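With CSV, C-alpha atoms inside, this is upload-v6.csv:
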chain,number,residue,atom,x,y,z
A,1,MET,CA,-12.2,-34.3,-56.4
A,2,THR,CA,-15.7,-34.3,-57.7
A,3,GLY,CA,-17.4,-33.5,-61.0
A,4,THR,CA,-16.7,-34.6,-64.6
A,5,SER,CA,-14.0,-33.5,-67.0
A,6,PRO,CA,-14.6,-30.6,-69.3
A,7,ARG,CA,-15.2,-31.6,-72.9
A,8,GLY,CA,-12.4,-31.3,-75.4
A,9,GLY,CA,-9.0,-29.9,-75.1
A,10,LEU,CA,-7.7,-26.3,-74.9
A,11,THR,CA,-8.0,-24.4,-78.1
A,12,ALA,CA,-6.0,-21.3,-77.3
A,13,PHE,CA,-2.3,-21.5,-76.4
A,14,LEU,CA,-0.8,-18.2,-75.5
A,15,GLN,CA,2.9,-17.7,-75.7
A,16,GLY,CA,5.4,-15.0,-74.8
A,17,ARG,CA,7.8,-13.7,-77.3
A,18,ALA,CA,10.4,-16.2,-76.0
A,19,GLY,CA,8.0,-19.0,-77.1
A,20,ARG,CA,6.9,-20.3,-73.7
A,21,ARG,CA,3.6,-22.1,-73.5
A,22,VAL,CA,0.7,-20.2,-72.0
A,23,SER,CA,-2.8,-21.6,-72.3
A,24,ALA,CA,-6.2,-19.9,-72.2
A,25,VAL,CA,-7.7,-21.4,-69.1
A,26,CYS,CA,-11.2,-21.8,-70.4
A,27,ALA,CA,-11.8,-25.2,-71.9
A,28,ALA,CA,-12.3,-25.6,-75.6
A,29,LEU,CA,-15.1,-23.5,-76.9
A,30,GLY,CA,-17.4,-25.7,-78.8
A,31,ALA,CA,-18.9,-28.4,-76.5
A,32,PHE,CA,-22.4,-28.1,-77.7
A,33,ALA,CA,-24.5,-25.2,-79.0
A,34,ILE,CA,-27.4,-24.0,-76.9
A,35,VAL,CA,-28.1,-20.9,-79.0
A,36,SER,CA,-28.5,-20.5,-82.7
A,37,SER,CA,-28.2,-17.3,-84.6
A,38,GLY,CA,-31.5,-18.1,-86.2
A,39,LEU,CA,-33.5,-18.1,-83.0
A,40,ALA,CA,-35.7,-15.1,-82.1
A,41,PRO,CA,-34.1,-12.8,-79.5
A,42,SER,CA,-36.5,-13.9,-76.8
A,43,ALA,CA,-35.7,-17.5,-77.4
A,44,VAL,CA,-32.0,-16.7,-77.3
A,45,ALA,CA,-32.3,-14.9,-74.0
A,46,ALA,CA,-34.2,-17.8,-72.5
A,47,ASP,CA,-31.7,-20.3,-73.6
A,48,VAL,CA,-28.4,-18.5,-72.7
A,49,GLN,CA,-29.3,-16.6,-69.6
A,50,SER,CA,-31.1,-19.6,-68.1
A,51,LYS,CA,-27.8,-21.4,-68.3
A,52,GLN,CA,-26.1,-18.7,-66.2
A,53,TRP,CA,-26.8,-20.6,-63.0
A,54,TYR,CA,-24.2,-18.6,-61.0
A,55,LEU,CA,-26.3,-15.4,-61.2
A,56,ASP,CA,-29.0,-17.1,-59.1
A,57,VAL,CA,-26.5,-18.8,-56.8
A,58,MET,CA,-24.7,-15.6,-56.1
A,59,ASP,CA,-28.0,-13.6,-55.9
A,60,ALA,CA,-27.0,-11.2,-58.7
A,61,LYS,CA,-30.4,-9.5,-58.6
A,62,GLY,CA,-30.1,-8.8,-54.9
A,63,MET,CA,-26.6,-7.4,-55.3
A,64,TRP,CA,-27.7,-5.1,-58.2
A,65,LYS,CA,-30.0,-3.3,-55.8
A,66,VAL,CA,-26.8,-2.2,-54.1
A,67,SER,CA,-24.2,-2.1,-56.8
A,68,THR,CA,-23.9,-2.9,-60.5
A,69,GLY,CA,-20.2,-2.1,-60.8
A,70,LYS,CA,-20.9,1.4,-62.1
A,71,GLY,CA,-17.8,3.6,-62.3
A,72,VAL,CA,-15.4,0.7,-62.2
A,73,LYS,CA,-13.2,-0.2,-65.2
A,74,VAL,CA,-11.9,-3.7,-65.8
A,75,ALA,CA,-8.9,-4.3,-68.1
A,76,VAL,CA,-9.5,-7.7,-69.9
A,77,LEU,CA,-6.3,-9.1,-71.2
A,78,ASP,CA,-7.2,-11.9,-73.6
A,79,THR,CA,-7.8,-12.8,-77.3
A,80,GLY,CA,-9.3,-9.4,-77.9
A,81,VAL,CA,-12.9,-8.2,-77.2
A,82,ASN,CA,-15.6,-7.7,-79.8
A,83,PRO,CA,-17.4,-4.5,-78.8
A,84,ASP,CA,-20.2,-5.1,-81.2
A,85,THR,CA,-22.0,-8.0,-79.6
A,86,PRO,CA,-25.5,-6.9,-78.4
A,87,SER,CA,-24.5,-7.5,-74.8
A,88,LEU,CA,-21.3,-5.4,-75.1
A,89,LYS,CA,-22.6,-2.4,-77.0
A,90,GLY,CA,-21.5,0.7,-75.1
A,91,GLN,CA,-19.6,-1.4,-72.5
A,92,VAL,CA,-16.1,-1.5,-74.1
A,93,LEU,CA,-13.9,1.5,-73.8
A,94,VAL,CA,-11.9,1.1,-77.0
A,95,ASP,CA,-10.5,4.7,-76.9
A,96,GLU,CA,-8.9,4.1,-73.5
A,97,VAL,CA,-6.4,1.5,-74.8
A,98,HIS,CA,-3.0,3.0,-75.2
A,99,GLN,CA,-2.0,3.2,-78.9
A,100,ALA,CA,1.2,1.2,-78.3
A,101,VAL,CA,-0.7,-1.9,-77.2
A,102,SER,CA,-4.0,-1.4,-79.1
A,103,TYR,CA,-3.3,-3.6,-82.1
A,104,ASN,CA,-6.4,-5.7,-82.8
A,105,ALA,CA,-7.7,-5.2,-79.3
A,106,THR,CA,-11.2,-5.3,-80.7
A,107,ASN,CA,-10.6,-8.2,-83.1
A,108,ASP,CA,-11.3,-11.3,-81.1
A,109,TYR,CA,-10.3,-14.3,-83.3
A,110,LEU,CA,-11.4,-17.0,-80.8
A,111,GLY,CA,-14.4,-15.6,-78.9
A,112,HIS,CA,-12.7,-16.2,-75.6
A,113,GLY,CA,-12.0,-12.6,-74.7
A,114,THR,CA,-15.4,-11.5,-75.7
A,115,THR,CA,-17.0,-14.2,-73.5
A,116,MET,CA,-14.9,-13.0,-70.5
A,117,ALA,CA,-15.9,-9.3,-71.1
A,118,GLU,CA,-19.6,-10.3,-71.3
A,119,MET,CA,-19.4,-12.3,-68.1
A,120,ILE,CA,-18.0,-9.3,-66.4
A,121,ALA,CA,-19.9,-6.4,-67.8
A,122,GLY,CA,-22.4,-7.6,-70.4
A,123,THR,CA,-25.8,-6.0,-70.3
A,124,GLY,CA,-27.7,-9.1,-71.5
A,125,ALA,CA,-29.1,-7.1,-74.4
A,126,GLY,CA,-30.2,-9.1,-77.4
A,127,GLY,CA,-30.2,-12.3,-75.5
A,128,GLY,CA,-26.5,-12.2,-74.8
A,129,LEU,CA,-24.7,-13.1,-71.6
A,130,GLN,CA,-25.7,-11.1,-68.6
A,131,GLY,CA,-22.6,-9.8,-66.8
A,132,LEU,CA,-22.3,-10.0,-63.1
A,133,ALA,CA,-21.3,-6.3,-63.0
A,134,PRO,CA,-23.3,-4.8,-65.8
A,135,GLY,CA,-22.6,-1.3,-64.7
A,136,ALA,CA,-18.8,-1.7,-65.1
A,137,LYS,CA,-16.9,-1.0,-68.3
A,138,VAL,CA,-14.3,-3.1,-70.1
A,139,VAL,CA,-10.9,-1.9,-71.4
A,140,PRO,CA,-9.8,-4.5,-74.0
A,141,TYR,CA,-6.3,-5.8,-74.7
A,142,ARG,CA,-5.2,-8.6,-77.0
A,143,VAL,CA,-2.2,-10.6,-76.0
A,144,LEU,CA,-0.2,-12.9,-78.3
A,145,THR,CA,-1.5,-16.4,-78.8
A,146,LYS,CA,-0.4,-19.5,-80.8
A,147,ASP,CA,-3.4,-19.1,-83.1
A,148,VAL,CA,-2.0,-15.8,-84.4
A,149,LYS,CA,-0.2,-17.1,-87.5
A,150,ASN,CA,0.3,-13.9,-89.5
A,151,LYS,CA,3.8,-12.6,-89.0
A,152,THR,CA,2.6,-9.0,-88.9
A,153,ASP,CA,0.1,-9.9,-86.2
A,154,VAL,CA,2.7,-11.7,-84.2
A,155,LYS,CA,5.0,-8.7,-84.4
A,156,LYS,CA,2.4,-6.1,-83.5
A,157,THR,CA,0.4,-8.0,-80.9
A,158,PRO,CA,1.6,-6.8,-77.4
A,159,SER,CA,3.3,-9.2,-75.0
A,160,ILE,CA,1.5,-10.0,-71.8
A,161,ALA,CA,4.0,-7.9,-69.8
A,162,ASP,CA,3.4,-4.9,-72.1
A,163,ALA,CA,-0.3,-5.3,-71.8
A,164,ILE,CA,-0.1,-5.5,-68.0
A,165,LYS,CA,2.0,-2.4,-67.8
A,166,ALA,CA,-0.3,-0.5,-70.1
A,167,ALA,CA,-3.3,-1.6,-68.0
A,168,ALA,CA,-1.4,-0.4,-64.9
A,169,ASP,CA,-1.1,3.0,-66.4
A,170,SER,CA,-4.8,3.2,-67.4
A,171,ASP,CA,-7.8,4.1,-65.3
A,172,ALA,CA,-8.8,0.5,-65.0
A,173,GLN,CA,-8.8,-0.6,-61.3
A,174,ILE,CA,-9.0,-4.3,-62.0
A,175,ILE,CA,-6.9,-6.5,-64.4
A,176,SER,CA,-8.6,-9.7,-65.4
A,177,MET,CA,-6.3,-12.4,-67.0
A,178,SER,CA,-8.0,-15.6,-68.0
A,179,PHE,CA,-4.8,-17.4,-69.1
A,180,THR,CA,-2.0,-19.3,-67.5
A,181,GLY,CA,1.5,-20.5,-68.4
A,182,ASP,CA,3.8,-23.1,-66.9
A,183,ILE,CA,7.0,-21.0,-66.7
A,184,MET,CA,7.6,-17.9,-64.6
A,185,ASN,CA,8.3,-14.9,-66.9
A,186,PRO,CA,10.5,-12.3,-65.2
A,187,ASP,CA,9.2,-9.5,-67.4
A,188,GLU,CA,5.6,-10.4,-66.5
A,189,ALA,CA,6.6,-10.6,-62.8
A,190,LYS,CA,8.0,-7.0,-63.1
A,191,ALA,CA,4.9,-5.8,-64.9
A,192,VAL,CA,2.7,-7.3,-62.2
A,193,LYS,CA,4.7,-5.7,-59.4
A,194,TYR,CA,4.4,-2.4,-61.2
A,195,ALA,CA,0.7,-2.8,-61.5
A,196,GLU,CA,0.4,-3.5,-57.8
A,197,SER,CA,2.4,-0.3,-57.1
A,198,LYS,CA,-0.3,1.5,-59.1
A,199,GLY,CA,-3.0,0.2,-56.9
A,200,LYS,CA,-4.5,-2.4,-59.3
A,201,LEU,CA,-6.3,-5.6,-58.3
A,202,MET,CA,-5.3,-8.5,-60.5
A,203,PHE,CA,-7.0,-11.9,-61.0
A,204,ALA,CA,-5.8,-14.9,-63.1
A,205,GLY,CA,-7.0,-18.4,-63.6
A,206,THR,CA,-5.0,-21.3,-62.1
A,207,GLY,CA,-5.5,-23.5,-65.1
A,208,ASN,CA,-7.4,-26.5,-66.3
A,209,ASP,CA,-4.8,-29.3,-66.4
A,210,ALA,CA,-5.2,-30.8,-62.9
A,211,GLU,CA,-6.2,-34.2,-64.2
A,212,THR,CA,-2.9,-34.5,-66.2
A,213,LYS,CA,0.1,-32.6,-64.9
A,214,ASN,CA,-1.3,-29.8,-62.7
A,215,PHE,CA,1.6,-27.4,-63.5
A,216,ILE,CA,2.0,-24.2,-61.5
A,217,GLY,CA,0.3,-21.5,-63.4
A,218,TYR,CA,1.5,-18.0,-64.0
A,219,PRO,CA,0.6,-15.2,-63.7
A,220,ALA,CA,-1.8,-16.7,-61.0
A,221,ALA,CA,1.3,-17.7,-59.0
A,222,ASP,CA,3.0,-14.3,-59.5
A,223,PRO,CA,3.3,-11.9,-56.6
A,224,TYR,CA,0.1,-9.8,-56.0
A,225,VAL,CA,-2.0,-11.8,-58.5
A,226,VAL,CA,-5.1,-13.5,-57.1
A,227,GLY,CA,-5.2,-17.1,-58.3
A,228,VAL,CA,-8.8,-18.2,-59.0
A,229,ALA,CA,-9.9,-21.8,-59.1
A,230,ALA,CA,-13.2,-23.1,-60.6
A,231,ALA,CA,-16.1,-24.5,-58.6
A,232,ASP,CA,-19.5,-26.0,-59.6
A,233,LYS,CA,-23.0,-25.1,-58.5
A,234,ASP,CA,-22.7,-27.1,-55.3
A,235,GLY,CA,-19.5,-25.2,-54.3
A,236,LYS,CA,-17.3,-28.2,-55.1
A,237,VAL,CA,-13.9,-27.7,-56.8
A,238,ALA,CA,-13.9,-28.8,-60.5
A,239,ASP,CA,-11.7,-31.8,-61.2
A,240,PHE,CA,-9.9,-29.9,-64.0
A,241,SER,CA,-9.1,-26.9,-61.8
A,242,GLU,CA,-5.4,-26.8,-61.0
A,243,HIS,CA,-4.4,-26.7,-57.4
A,244,GLY,CA,-1.5,-25.6,-55.2
A,245,ASN,CA,-0.8,-23.0,-52.6
A,246,TYR,CA,-1.1,-20.2,-55.2
A,247,VAL,CA,-4.9,-20.7,-55.3
A,248,ASP,CA,-6.4,-17.8,-53.4
A,249,LEU,CA,-10.2,-17.8,-54.2
A,250,ALA,CA,-12.7,-19.9,-56.1
A,251,ALA,CA,-15.6,-18.8,-58.4
A,252,PRO,CA,-18.1,-20.5,-60.6
A,253,GLY,CA,-16.5,-22.1,-63.6
A,254,ARG,CA,-18.3,-25.3,-64.4
A,255,ASN,CA,-21.0,-25.7,-67.1
A,256,VAL,CA,-21.4,-22.1,-68.0
A,257,PRO,CA,-22.3,-20.5,-71.4
A,258,VAL,CA,-19.6,-19.1,-73.6
A,259,TRP,CA,-19.2,-18.0,-77.2
A,260,CYS,CA,-18.5,-21.0,-79.3
A,261,ASP,CA,-16.1,-19.3,-81.7
A,262,ALA,CA,-15.2,-16.0,-83.4
A,263,THR,CA,-18.2,-16.1,-85.7
A,264,PHE,CA,-20.3,-15.0,-82.7
A,265,LYS,CA,-23.3,-16.9,-84.0
A,266,SER,CA,-23.9,-19.2,-81.1
A,267,TYR,CA,-23.1,-19.9,-77.4
A,268,CYS,CA,-21.9,-23.2,-76.0
A,269,VAL,CA,-21.8,-24.7,-72.5
A,270,ASN,CA,-18.3,-25.3,-71.2
A,271,SER,CA,-16.1,-25.2,-68.2
A,272,GLY,CA,-12.8,-23.6,-67.1
A,273,THR,CA,-11.0,-21.3,-64.7
A,274,SER,CA,-11.3,-18.6,-67.3
A,275,ALA,CA,-14.9,-18.1,-66.4
A,276,ALA,CA,-14.0,-18.2,-62.7
A,277,THR,CA,-11.5,-15.4,-63.2
A,278,ALA,CA,-14.0,-13.2,-65.0
A,279,LEU,CA,-16.6,-13.7,-62.3
A,280,ALA,CA,-14.0,-12.9,-59.5
A,281,SER,CA,-13.1,-9.7,-61.4
A,282,ALA,CA,-16.7,-8.8,-61.7
A,283,SER,CA,-17.3,-9.5,-58.0
A,284,ALA,CA,-14.5,-7.1,-57.2
A,285,ALA,CA,-16.0,-4.5,-59.5
A,286,LEU,CA,-19.3,-4.7,-57.6
A,287,ILE,CA,-17.6,-4.1,-54.3
A,288,TRP,CA,-15.3,-1.3,-55.5
A,289,SER,CA,-18.3,0.5,-57.0
A,290,ALA,CA,-20.1,0.4,-53.7
A,291,HIS,CA,-16.9,1.5,-51.8
A,292,PRO,CA,-15.0,3.7,-54.2
A,293,THR,CA,-12.6,5.0,-51.6
A,294,TRP,CA,-11.3,1.6,-50.7
A,295,THR,CA,-7.9,0.3,-52.0
A,296,ALA,CA,-7.3,-2.9,-53.9
A,297,ASN,CA,-6.1,-4.4,-50.6
A,298,GLN,CA,-9.4,-3.6,-48.9
A,299,VAL,CA,-11.6,-4.9,-51.7
A,300,LEU,CA,-9.6,-8.2,-51.7
A,301,ALA,CA,-9.6,-8.4,-47.9
A,302,THR,CA,-13.4,-8.3,-47.8
A,303,LEU,CA,-13.7,-10.9,-50.6
A,304,ILE,CA,-11.4,-13.2,-48.5
A,305,ASP,CA,-13.1,-12.5,-45.2
A,306,THR,CA,-16.6,-13.3,-46.5
A,307,ALA,CA,-15.6,-16.2,-48.7
A,308,GLY,CA,-17.6,-19.4,-48.1
A,309,ARG,CA,-15.4,-22.1,-46.5
A,310,ASP,CA,-15.6,-24.9,-43.9
A,311,TRP,CA,-11.9,-24.8,-43.0
A,312,PRO,CA,-10.0,-22.3,-40.9
A,313,LYS,CA,-9.2,-19.0,-42.6
A,314,ASN,CA,-5.6,-19.2,-41.5
A,315,LYS,CA,-5.2,-22.6,-43.3
A,316,PRO,CA,-6.2,-21.8,-46.9
A,317,SER,CA,-7.1,-24.7,-49.1
A,318,ASN,CA,-4.9,-25.9,-52.0
A,319,TYR,CA,-8.0,-26.3,-54.0
A,320,LEU,CA,-10.3,-23.3,-53.2
A,321,GLY,CA,-7.9,-21.0,-51.4
A,322,TYR,CA,-9.7,-18.9,-48.9
A,323,GLY,CA,-13.1,-20.1,-50.2
A,324,LEU,CA,-15.9,-19.4,-52.6
A,325,ILE,CA,-16.4,-15.7,-53.5
A,326,ARG,CA,-19.5,-14.1,-52.1
A,327,PRO,CA,-19.6,-10.4,-52.9
A,328,ARG,CA,-23.2,-10.3,-51.7
A,329,LYS,CA,-21.9,-10.8,-48.1
A,330,VAL,CA,-19.8,-7.6,-48.5
A,331,LEU,CA,-22.5,-5.5,-50.2
A,332,GLU,CA,-25.3,-6.4,-47.7
A,333,ASN,CA,-23.1,-5.3,-44.7
A,334,SER,CA,-22.7,-1.5,-45.0
A,335,SER,CA,-20.6,-1.4,-41.8
A,336,ILE,CA,-18.1,-4.1,-42.9
A,337,ASN,CA,-14.6,-3.4,-41.8
A,338,PRO,CA,-12.2,-3.6,-44.9
A,339,GLY,CA,-9.1,-3.5,-42.8
A,340,ALA,CA,-6.1,-1.2,-43.3
A,341,PRO,CA,-5.7,0.2,-46.8
A,342,GLY,CA,-2.0,-0.7,-47.0
A,343,ILE,CA,-2.1,-4.2,-45.7
A,344,ASP,CA,-1.8,-7.0,-48.2
A,345,PRO,CA,-4.4,-9.6,-47.4
A,346,LEU,CA,-2.3,-12.3,-49.1
A,347,SER,CA,0.7,-11.6,-46.9
A,348,PHE,CA,0.5,-15.2,-45.6
A,349,GLU,CA,1.6,-16.4,-49.0
A,350,ASN,CA,4.4,-13.9,-49.2
A,351,GLY,CA,6.7,-16.1,-47.0
A,352,THR,CA,5.9,-19.4,-48.7
A,353,GLY,CA,7.2,-21.1,-51.8
A,354,VAL,CA,5.0,-22.1,-54.7
A,355,THR,CA,4.0,-25.8,-54.5
A,356,GLY,CA,1.5,-28.2,-55.8
A,357,ALA,CA,-1.0,-30.0,-53.6
A,358,SER,CA,0.2,-31.5,-50.4
A,359,PRO,CA,-1.4,-33.7,-47.8
A,360,SER,CA,-1.1,-31.2,-45.0
A,361,ALA,CA,-4.2,-29.9,-43.2
A,362,SER,CA,-3.5,-26.4,-44.2
A,363,ALA,CA,-3.3,-27.3,-47.9
A,364,SER,CA,-6.5,-29.2,-48.6
A,365,THR,CA,-10.2,-29.1,-48.0
A,366,SER,CA,-12.3,-31.7,-46.3
A,367,SER,CA,-13.1,-34.8,-48.3
A,368,LYS,CA,-16.9,-34.3,-48.0
A,369,ALA,CA,-19.3,-31.4,-47.9
A,370,PRO,CA,-20.0,-30.1,-44.4
A,371,ASN,CA,-23.3,-30.4,-42.7
A,372,PRO,CA,-24.9,-26.9,-42.8
A,373,ALA,CA,-26.3,-27.5,-39.3
A,374,SER,CA,-23.1,-28.7,-37.8
A,375,GLY,CA,-21.8,-25.2,-36.9
A,376,GLY,CA,-18.5,-26.0,-38.5
A,377,GLN,CA,-18.3,-23.0,-40.7
A,378,THR,CA,-16.4,-19.8,-40.0
A,379,SER,CA,-18.3,-16.7,-39.1
A,380,ALA,CA,-18.0,-15.5,-42.7
A,381,ALA,CA,-19.6,-18.7,-44.0
A,382,ALA,CA,-22.3,-19.2,-41.4
A,383,SER,CA,-25.1,-16.9,-42.4
A,384,THR,CA,-27.7,-17.4,-45.1
A,385,SER,CA,-30.0,-15.3,-47.2
A,386,ASP,CA,-33.6,-16.1,-48.1
A,387,SER,CA,-33.5,-14.0,-51.2
A,388,SER,CA,-32.7,-17.0,-53.3
A,389,GLY,CA,-32.9,-20.7,-52.4
A,390,ASN,CA,-29.8,-21.5,-54.4
A,391,THR,CA,-27.6,-19.0,-52.6
A,392,THR,CA,-27.4,-21.2,-49.6
A,393,LEU,CA,-25.1,-23.5,-51.5
A,394,TRP,CA,-22.5,-20.8,-51.8
A,395,VAL,CA,-23.2,-19.6,-48.2
A,396,THR,CA,-22.9,-22.7,-46.1
A,397,LEU,CA,-21.0,-25.2,-48.2
A,398,GLY,CA,-17.3,-25.5,-48.7
A,399,ALA,CA,-15.5,-27.7,-51.2
A,400,ALA,CA,-15.7,-31.5,-51.5
A,401,ALA,CA,-12.2,-32.1,-52.7
A,402,ALA,CA,-10.1,-35.1,-51.9
A,403,VAL,CA,-6.5,-34.8,-50.6
A,404,VAL,CA,-4.1,-35.4,-53.4
A,405,VAL,CA,-0.4,-36.3,-53.0
A,406,LEU,CA,1.8,-35.7,-56.0
A,407,GLY,CA,4.4,-38.4,-56.6
A,408,GLY,CA,8.0,-37.3,-56.5
A,409,GLY,CA,7.3,-33.8,-55.3
A,410,ALA,CA,7.5,-32.6,-58.9
A,411,PHE,CA,5.8,-29.4,-58.2
A,412,ALA,CA,7.8,-28.3,-55.2
A,413,VAL,CA,9.4,-25.0,-56.2
A,414,ALA,CA,12.0,-23.3,-54.1
A,415,ARG,CA,11.3,-19.8,-55.2
A,416,SER,CA,9.4,-17.2,-53.3
A,417,ARG,CA,5.7,-16.5,-54.0
A,418,ARG,CA,4.6,-12.9,-53.7
A,419,GLY,CA,7.9,-12.0,-52.2
A,420,ALA,CA,9.5,-8.6,-52.6
Can you present the structure in this file as structure tokens?
Amino acid sequence: MTGTSPRGGLTAFLQGRAGRRVSAVCAALGAFAIVSSGLAPSAVAADVQSKQWYLDVMDAKGMWKVSTGKGVKVAVLDTGVNPDTPSLKGQVLVDEVHQAVSYNATNDYLGHGTTMAEMIAGTGAGGGLQGLAPGAKVVPYRVLTKDVKNKTDVKKTPSIADAIKAAADSDAQIISMSFTGDIMNPDEAKAVKYAESKGKLMFAGTGNDAETKNFIGYPAADPYVVGVAAADKDGKVADFSEHGNYVDLAAPGRNVPVWCDATFKSYCVNSGTSAATALASASAALIWSAHPTWTANQVLATLIDTAGRDWPKNKPSNYLGYGLIRPRKVLENSSINPGAPGIDPLSFENGTGVTGASPSASASTSSKAPNPASGGQTSAAASTSDSSGNTTLWVTLGAAAAVVVLGGGAFAVARSRRGA
């Protein structure tokens, strides 16, 4: 794989009430500050928003002429969301969180959840992060993390399963989960299945430990959850991004600005599949806003059909799944066929077990970037746009990941993925 390692280790470790390890899949917040609270607003805007390279690569300005995500609500399950940052004022629907799971939903003790919310629906006001879907709204949920030490907080903070169920019963169409755990939790799996029955579209990060143990991450590997890997500006999979056949799509997640910590005084540049998850969720919001009558299956189907890749669609990659998300390709085609509303676009995975990377052709990308002029792309990946020079990288290029064979088959799991 290409790229360098994210700086630092993970700072947030989420755990269920049974004590299993779950980690926030964004790398440690605090690599290096690029914004100081003492800078003038204009200087802040120039520093932070200029670091959001993915907005240009994905042609955000072009997409916003068609859709901003207006009318779509995204449930953000994380460390809480601070609704008072300049970029999130008026964007967080605090009153729509069910009282039973509302404990400290707006008290973000790490800065992670607020970053995800800003990446999804931030307005960019005051020099903050510009969200990919600034017309969307966020419904905040805090889930239990290791950093919650107070016994009262531990007792009152909702479990991941309870938060998913509450989000399923809310008006939010999309559930964004930027965390991952190494053990399948039956309660979470049931909650996910319930959310799917309620028509929700769920995204979760695959995790950041590929360079060490590359464990299978849940809820990304749970039935009906879209597992999101992280890619860089060139469309290459990040070396930290965990891989396996539970990876469904890839989104930008390398060298992006995030809140450094819970003081909300400065942003830092960092990397992780957390960011990729947020941007995948925002991409779905853009599409759903433009096509409000579509189902979750149809929104996801169009993301899969238009994903940038240089491998056959029927042989998804273990590194980038069906490819790099390109919501622009959906929005610019008003006559696009979303498929049948009741057909699960991830049905291919329903009959397979969860595994780590394998050397099979269907489980890996090519070892080098394709030649854009070679004609080797699928129809979904072949066209380009002249609206932004950088967008061609996410239009014609696939990943440049090497095939990796795991010794001993440690990650071959004989349980069904996305099965009934």
What is the distance, in Å and to one decimal place, between CA of Phe203 (chain A) and CA of Asp234 (chain A)?
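Straight-line distance from CA of Phe203 (chain A) to CA of Asp234 (chain A) works out to 22.6 Å.
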Report the distance between CA of Asp305 (chain A) and CA of Asn337 (chain A) in Å, rounded to one decimal place.
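Atom-to-atom, CA of Asp305 (chain A) and CA of Asn337 (chain A) are spaced 9.8 Å apart.
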Which residues come within 9 Å of Arg328 (chain A), counting all atoms listed in the file, excluding same-chain residues fewer than 5 positions away, as a ChimeraX atom specification?
/A:58-60,62-63,283,287,306,333
Take the residues just selected and output them with C-alpha atoms as an mmCIF file, in the coordinates of the input.
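The result, stored in again_39.cif:
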data_model
loop_
_atom_site.group_PDB
_atom_site.id
_atom_site.type_symbol
_atom_site.label_atom_id
_atom_site.label_comp_id
_atom_site.auth_asym_id
_atom_site.auth_seq_id
_atom_site.Cartn_x
_atom_site.Cartn_y
_atom_site.Cartn_z
ATOM 1 C CA MET A 58 -24.700 -15.600 -56.100
ATOM 2 C CA ASP A 59 -28.000 -13.600 -55.900
ATOM 3 C CA ALA A 60 -27.000 -11.200 -58.700
ATOM 4 C CA GLY A 62 -30.100 -8.800 -54.900
ATOM 5 C CA MET A 63 -26.600 -7.400 -55.300
ATOM 6 C CA SER A 283 -17.300 -9.500 -58.000
ATOM 7 C CA ILE A 287 -17.600 -4.100 -54.300
ATOM 8 C CA THR A 306 -16.600 -13.300 -46.500
ATOM 9 C CA ASN A 333 -23.100 -5.300 -44.700
#
When you look at region 98-106 of chain A with a cut-off of 7 Å (counting all atoms listed in the file), what residues show up, excluding the ones that are within fewer than 2 positions of it in the same chain? I need them as a list in words.
Gly80, Val81, Asn82, Pro83, Glu96, Asp108, Pro140, Tyr141, Arg142, Lys156, Thr157, Pro158, Ala163 and Ala166 of chain A
For Asn318 (chain A), which residue out of A:Asp344, A:Asp84, A:Asp78, A:Glu242 is the nearest one, using all atoms listed in the file?
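For Asn318 (chain A), the nearest of the candidates is A:Glu242.
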